[in-house]
Structure formats: C-alpha cells, structure tokens
Amino acid sequence: MFFFDVAIADNAFKGYETLGDLMRARLPRDRDSRILQWKDDACERPTLRMVCTNGVHKTRALTFAALRYQIVSLGKRVGYQDNVKVHAICAGVANNIKGEIGLP
C-alpha cells in the first residue's frame, strides 16, 4: 500500500489527476477490480526520490544511506529500542544503478 500511496501522490496513473478522481471512479457492473495504467513519464521516475529545499527531485533517487538514516531515526522516534533495518533495499543494487546512470 505504501507504494500505491506514493504513486497516487506522484500523479502516476493515467486518467487520474488527483486522489479525489481515483476515489470517485466506479467499477463497471460486471467487474470487481480495475487495472490502473502508468503514465509514460511515471515509468522513468524513481519511486523514492531525493528531497531538497526546492521539493522532490524529479530524477534523482533517494540513496540507500539517506533512506537507512530516515528509517532508523523514525524507528527511534516511535519507540523501537533496536535500530529498524531496511531489508527490502540492497545497497549494492542501488549503488550499481546510481553508477550506471552516471550520478555523482
């Protein structure tokens, strides 16, 4: 659900400009689900992007170190005694992708 929320906030679905548009959409009578399609430009953007003073960066992905720092500090703020670990993201993969596209 987290990534679905991020996609809605990022205006990534064809035919839906806002969360309200998506909430007002009704399923056809013979269907119990709807397939959402990505906008073409949404497929080119990183899902978790860097944030700077001007807002969310359009093309730069959040680094593993920044994500780890945010997750660990969030865990501490909500009361976890041990560090919360980022298991779903591999630093090696993130660094390889970063190197392939020539980011500093």
# chains A, B, ... in the order shown; residues from 1 in each chain; ligands from 1
$ closest_atom_pairs --of "stretch 29-92 of chain A" --to "stretch 11-24 of chain A" --cutoff "7 Å" --atoms "only C-alpha atoms" --output "CSV"
residue,atom,partner,partner_atom,distance
A:Leu36,CA,A:Phe13,CA,6.4
A:Gln37,CA,A:Lys14,CA,5.6
A:Trp38,CA,A:Phe13,CA,4.7
A:Lys39,CA,A:Lys14,CA,5.0
A:Ala42,CA,A:Ala12,CA,5.2
$ write_last_selection --atoms "N, CA, C and O atoms" --output "compact mmCIF listing (two decimals), in the first residue's frame"
# COMPACT_ATOMS: atom_id res chain seq x y z
N LEU A 36 -5.09 -0.27 -13.22
CA LEU A 36 -4.59 1.10 -13.39
C LEU A 36 -3.37 1.06 -14.28
O LEU A 36 -2.52 0.19 -14.16
N GLN A 37 -3.29 2.02 -15.19
CA GLN A 37 -2.14 2.10 -16.09
C GLN A 37 -1.25 3.26 -15.68
O GLN A 37 -1.72 4.31 -15.27
N TRP A 38 0.07 3.02 -15.82
CA TRP A 38 1.05 4.05 -15.50
C TRP A 38 1.08 5.09 -16.61
O TRP A 38 0.96 4.75 -17.78
N LYS A 39 1.27 6.34 -16.26
CA LYS A 39 1.58 7.36 -17.26
C LYS A 39 2.98 7.08 -17.78
O LYS A 39 3.83 6.55 -17.07
N ALA A 42 5.83 8.42 -15.77
CA ALA A 42 5.95 7.83 -14.44
C ALA A 42 6.91 6.64 -14.44
O ALA A 42 7.58 6.39 -13.44
$ select_by_dssp --residues "chain A" --states "strand (DSSP E or B)" --output "list of chain:residue names"
A:Phe13, A:Trp38, A:Arg49, A:Met50, A:Val51, A:Cys52, A:Gly55, A:Val56, A:His57, A:Lys58, A:Thr59, A:Arg60, A:Ala61
$ atom_distance --atom1 "atom CA of A:Phe4" --atom2 "atom CA of A:Val78"
23.3 Å
$ closest_residue --among "A:Arg60, A:Arg49, A:Arg31, A:Lys76" --to "A:Asp10" --atoms "only C-alpha atoms"
A:Arg49
$ atom_distance --atom1 "atom CA of A:Ala9" --atom2 "atom CA of A:Ala61"
16.2 Å
$ select_by_dssp --residues "chain A" --states "helix (DSSP H, G or I)" --output "number ranges by chain"
A: 2-9, 19-24, 40-44, 64-77, 91-100
$ atom_distance --atom1 "atom CA of A:Thr47" --atom2 "atom CA of A:Leu74"
19.5 Å
